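Below: one structure, written as structure tokens.
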Amino acid sequence: MNSALSITKNIHDWLFSIMPEAAANIAEMVLIALVYLGIFAIAGLFLVLLERRVAAWFQLRIGPNRVGFQGLLQTMADAIKLLSKELTGTTKADKFLYNLAPYFVIISSLMALSVFPFTKEFQAFDINIGIFFLIAVSSIGVIGILLGGWGSNNKFAMIGAMRSGVQTISYELSIGLSLLTMVLITGSLQLSEIVEVQKSGWLIVQGHIPAIIAFMIYMIAGTAETNRAPFDMVEAESELGAGFHTEYSGMKFAYFFLAEFINMFIIAAIATTIFFGAWLSPFGITESIPLLGVFWFLLKALILVFLMMWFRWTFPRLRIDQLLTLEWKYLLPLNLANIMLMALLVWLNLTISF
């Protein structure tokens, strides 16, 4: 297990050379926290702008084009607006749970970001149970939604929260099983080791047909896990006002809104790491230039984010019974059969390596 916090070895060595070990450890953790908070904020603002652009493209609209060059500062203006808005709520709400809920979704997203290998050195926390940690941490966010719905003392928020519990718990099974299918090839839960295995070919290539099936199931389940259309039964504006965050305003609403986009990036980043080699370039064309690892990681992740946005602006919303039927009657049995098929391929050594 390698749990050293080191975004780059140079910064690590520099801090320890100019201050005592205890102070250097604290300074390093604070520095890494600030870096990841910056990544969190910038990624959220960018993804909101990207969503608006993609939506406009699919609907043959212009999209943001007023604030800043080509509307690039529109999300910044929205962030300032939300920061300055008054925080309102209901008098009968459970104040403690109501105020606590947004922090669950934000903190769980930040914790998940910390284990991704953006490059060989750009990884804050490399643990030997990386995939298990991601699945566990990403599940914490649903607690925030349940608390928000319950604490709001609003029937629409409560219905949205209950739907979230049912939906998230159901589709987490498919996410976990599809990732477990790929673990059969690598024999490890540690993300850095999974990336090393892919130097002889991305796992979606090594596992061929079962890997492609696992990827398709993962993307469907991941879209449902993030409560995005066509699986946005948790919000369902036409039925529930705004769902679980009906009673939230200002920055508390912004936390939920931002977490949805960051969770979408997290789902895409997990797929990038497990199926598409994380920071590894296609056919090793830029392996001699380590700094390009971030470029390849972000390019793959953004392509998958675009795919999830494509889902949203193409398919109509499902009913709650259709949503659960898709998981329990189709995706889950298919996943179980796919794991058995992958195990057979690994046992017979029929995987593809270069």
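Going through the structure tokens in order, the chains are called A, B, and so on, while each chain numbers its residues from 1 and the ligands are numbered from 1 in the order shown.
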Go through region 242-311 of chain A residue by residue and, counting only C-alpha atoms, keep those with an atom at most 6 Å from region 105-129 of chain A; for each kept residue give the shortest atom pair and its distance in Å to one decimal, ordered by chain and increasing number, as a Markdown table.
```
| residue | atom | partner | partner_atom | distance |
| --- | --- | --- | --- | --- |
| A:Ala259 | CA | A:Ile106 | CA | 5.9 |
| A:Trp279 | CA | A:Thr119 | CA | 5.4 |
| A:Gly293 | CA | A:Thr119 | CA | 5.0 |
| A:Val294 | CA | A:Phe118 | CA | 5.4 |
```
Deliver the residues from the most recent selection as a file, using all heavy atoms, as a PDB file, in the first residue's frame.
```pdb
ATOM      1  N   ALA A 259     -22.404  19.574  -7.356  1.00  0.00           N
ATOM      2  CA  ALA A 259     -22.064  18.172  -7.098  1.00  0.00           C
ATOM      3  C   ALA A 259     -22.564  17.260  -8.221  1.00  0.00           C
ATOM      4  O   ALA A 259     -21.900  16.264  -8.549  1.00  0.00           O
ATOM      5  CB  ALA A 259     -22.655  17.730  -5.763  1.00  0.00           C
ATOM      6  N   TRP A 279      -4.203   7.906 -17.914  1.00  0.00           N
ATOM      7  CA  TRP A 279      -3.320   8.874 -18.568  1.00  0.00           C
ATOM      8  C   TRP A 279      -2.505   8.274 -19.699  1.00  0.00           C
ATOM      9  O   TRP A 279      -1.747   8.978 -20.368  1.00  0.00           O
ATOM     10  CB  TRP A 279      -2.375   9.495 -17.540  1.00  0.00           C
ATOM     11  CG  TRP A 279      -1.704   8.495 -16.642  1.00  0.00           C
ATOM     12  CD1 TRP A 279      -2.146   8.061 -15.430  1.00  0.00           C
ATOM     13  CD2 TRP A 279      -0.483   7.800 -16.889  1.00  0.00           C
ATOM     14  NE1 TRP A 279      -1.283   7.124 -14.903  1.00  0.00           N
ATOM     15  CE2 TRP A 279      -0.239   6.960 -15.773  1.00  0.00           C
ATOM     16  CE3 TRP A 279       0.446   7.805 -17.936  1.00  0.00           C
ATOM     17  CZ2 TRP A 279       0.864   6.127 -15.679  1.00  0.00           C
ATOM     18  CZ3 TRP A 279       1.550   6.976 -17.844  1.00  0.00           C
ATOM     19  CH2 TRP A 279       1.757   6.149 -16.730  1.00  0.00           C
ATOM     20  N   GLY A 293       0.126  13.299 -19.936  1.00  0.00           N
ATOM     21  CA  GLY A 293      -0.792  12.361 -19.296  1.00  0.00           C
ATOM     22  C   GLY A 293      -2.083  13.030 -18.859  1.00  0.00           C
ATOM     23  O   GLY A 293      -3.171  12.473 -19.031  1.00  0.00           O
ATOM     24  N   VAL A 294      -1.990  14.244 -18.313  1.00  0.00           N
ATOM     25  CA  VAL A 294      -3.187  14.981 -17.902  1.00  0.00           C
ATOM     26  C   VAL A 294      -4.080  15.266 -19.103  1.00  0.00           C
ATOM     27  O   VAL A 294      -5.305  15.158 -19.029  1.00  0.00           O
ATOM     28  CB  VAL A 294      -2.793  16.299 -17.196  1.00  0.00           C
ATOM     29  CG1 VAL A 294      -4.027  17.133 -16.907  1.00  0.00           C
ATOM     30  CG2 VAL A 294      -2.047  16.009 -15.908  1.00  0.00           C
TER      31      VAL A 294
END
```
Notebook entry, point to check: Near region 241-257 of chain A, within 6 Å and counting only C-alpha atoms, which residues show up once chain neighbours fewer than 2 positions away are dropped, as a VMD selection string?
Noted result: chain A and resid 82 to 83 85 87 89 102 149 156 to 157 160 to 161 234 to 235 237 259 to 260
Which residues of region 237-330 of chain A come within 8 Å of region 42-50 of chain A, and what is each one's closest atom pair and distance in Å (one decimal), counting only C-alpha atoms, sorted by chain and residue number, as CSV?
```
residue,atom,partner,partner_atom,distance
A:Leu258,CA,A:Gly44,CA,5.8
A:Ala259,CA,A:Gly44,CA,7.9
A:Phe261,CA,A:Gly44,CA,6.1
A:Ile262,CA,A:Gly44,CA,5.9
```
Same residues, N, CA and C atoms, saved as a short mmCIF file (atom, residue, chain, number, x, y, z; two decimals), in the first residue's frame:
```cif
data_model
loop_
_atom_site.label_atom_id
_atom_site.label_comp_id
_atom_site.auth_asym_id
_atom_site.auth_seq_id
_atom_site.Cartn_x
_atom_site.Cartn_y
_atom_site.Cartn_z
N LEU A 258 -23.70 21.88 -8.24
CA LEU A 258 -22.30 21.66 -8.60
C LEU A 258 -21.92 20.19 -8.43
N ALA A 259 -22.40 19.57 -7.36
CA ALA A 259 -22.06 18.17 -7.10
C ALA A 259 -22.56 17.26 -8.22
N PHE A 261 -22.64 17.90 -11.41
CA PHE A 261 -21.70 17.96 -12.52
C PHE A 261 -20.37 17.32 -12.16
N ILE A 262 -19.92 17.51 -10.91
CA ILE A 262 -18.68 16.87 -10.50
C ILE A 262 -18.85 15.36 -10.47
#
```
Notebook entry, point to check: Tell me, which residues of region 91-228 of chain A carry DSSP alpha helix (DSSP H), written as a VMD selection string?
Noted result: chain A and resid 95 to 113 130 to 138 141 to 151 155 to 186 191 to 197 203 to 206 208 to 225
Item checked: Contact residues around Val166 (chain A) with only C-alpha atoms at 12 Å, ignoring same-chain residues under 2 positions, as a list in words ->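 So, after excluding close chain neighbours, the residues are Val142, Ile143, Ile145, Leu146, Ile159, Gly160, Ala161, Met162, Arg163, Ser164, Thr168, Ile169, Ser170, Tyr171, Glu172, Leu173, Ala224, Glu225, Asn227, Met233, Val234, Ile320, Asp321, Leu323, Leu324, Glu327 and Trp328 of chain A.
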Margin query: If we count only C-alpha atoms and set the cut-off at 9 Å, which residues sit around region 307-312 of chain A, ignoring sequence neighbours fewer than 3 positions away in its own chain? Please answer as a PyMOL selection string.
Written below: chain A and resi 51+54-55+58+219-220+222-223+228-231+264+268+302-304+315-317
Please, could you write that set of residues out with C-alpha atoms as an mmCIF file, in the first residue's frame?
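Printed below is out32.cif as written:
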```cif
data_model
loop_
_atom_site.group_PDB
_atom_site.id
_atom_site.type_symbol
_atom_site.label_atom_id
_atom_site.label_comp_id
_atom_site.auth_asym_id
_atom_site.auth_seq_id
_atom_site.Cartn_x
_atom_site.Cartn_y
_atom_site.Cartn_z
ATOM 1 C CA GLU A 51 -23.694 21.465 -20.649
ATOM 2 C CA VAL A 54 -24.140 20.963 -25.749
ATOM 3 C CA ALA A 55 -27.830 21.573 -24.978
ATOM 4 C CA PHE A 58 -28.690 19.619 -29.763
ATOM 5 C CA MET A 219 -22.313 4.096 -18.439
ATOM 6 C CA ILE A 220 -26.064 3.427 -18.182
ATOM 7 C CA GLY A 222 -23.464 5.711 -13.932
ATOM 8 C CA THR A 223 -25.890 8.084 -15.630
ATOM 9 C CA ARG A 228 -29.332 12.788 -14.749
ATOM 10 C CA ALA A 229 -31.918 12.485 -17.502
ATOM 11 C CA PRO A 230 -33.346 10.143 -18.625
ATOM 12 C CA PHE A 231 -33.012 8.893 -15.030
ATOM 13 C CA MET A 264 -20.717 13.221 -13.750
ATOM 14 C CA ALA A 268 -16.403 9.514 -16.512
ATOM 15 C CA LEU A 302 -14.603 14.790 -21.419
ATOM 16 C CA ILE A 303 -15.585 12.518 -24.309
ATOM 17 C CA LEU A 304 -17.477 10.343 -21.824
ATOM 18 C CA PHE A 315 -33.905 10.422 -24.427
ATOM 19 C CA PRO A 316 -37.193 11.167 -22.619
ATOM 20 C CA ARG A 317 -37.479 10.626 -18.878
#
```
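Among the candidates A:Leu291, A:Ile80, A:Leu37, A:Val305, the residue lying nearest to Ile267 (chain A) is A:Val305 (atoms considered: only C-alpha atoms).
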Note to self: Here is a test: counting only C-alpha atoms, which residue of A:Leu189, A:Ala79, A:Met29, A:Met216 is nearest to Leu334 (chain A)?
What the structure shows: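 Answer, going by the shortest atom-to-atom distance: A:Met216.
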Note to self: For a quick check of understanding, using only C-alpha atoms, which of A:Ala27, A:Ala33, A:Ile352, A:Ile285 has the smallest distance to Trp14 (chain A)?
What the structure shows: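 Among the listed residues, the smallest separation from Trp14 (chain A) belongs to A:Ala27.
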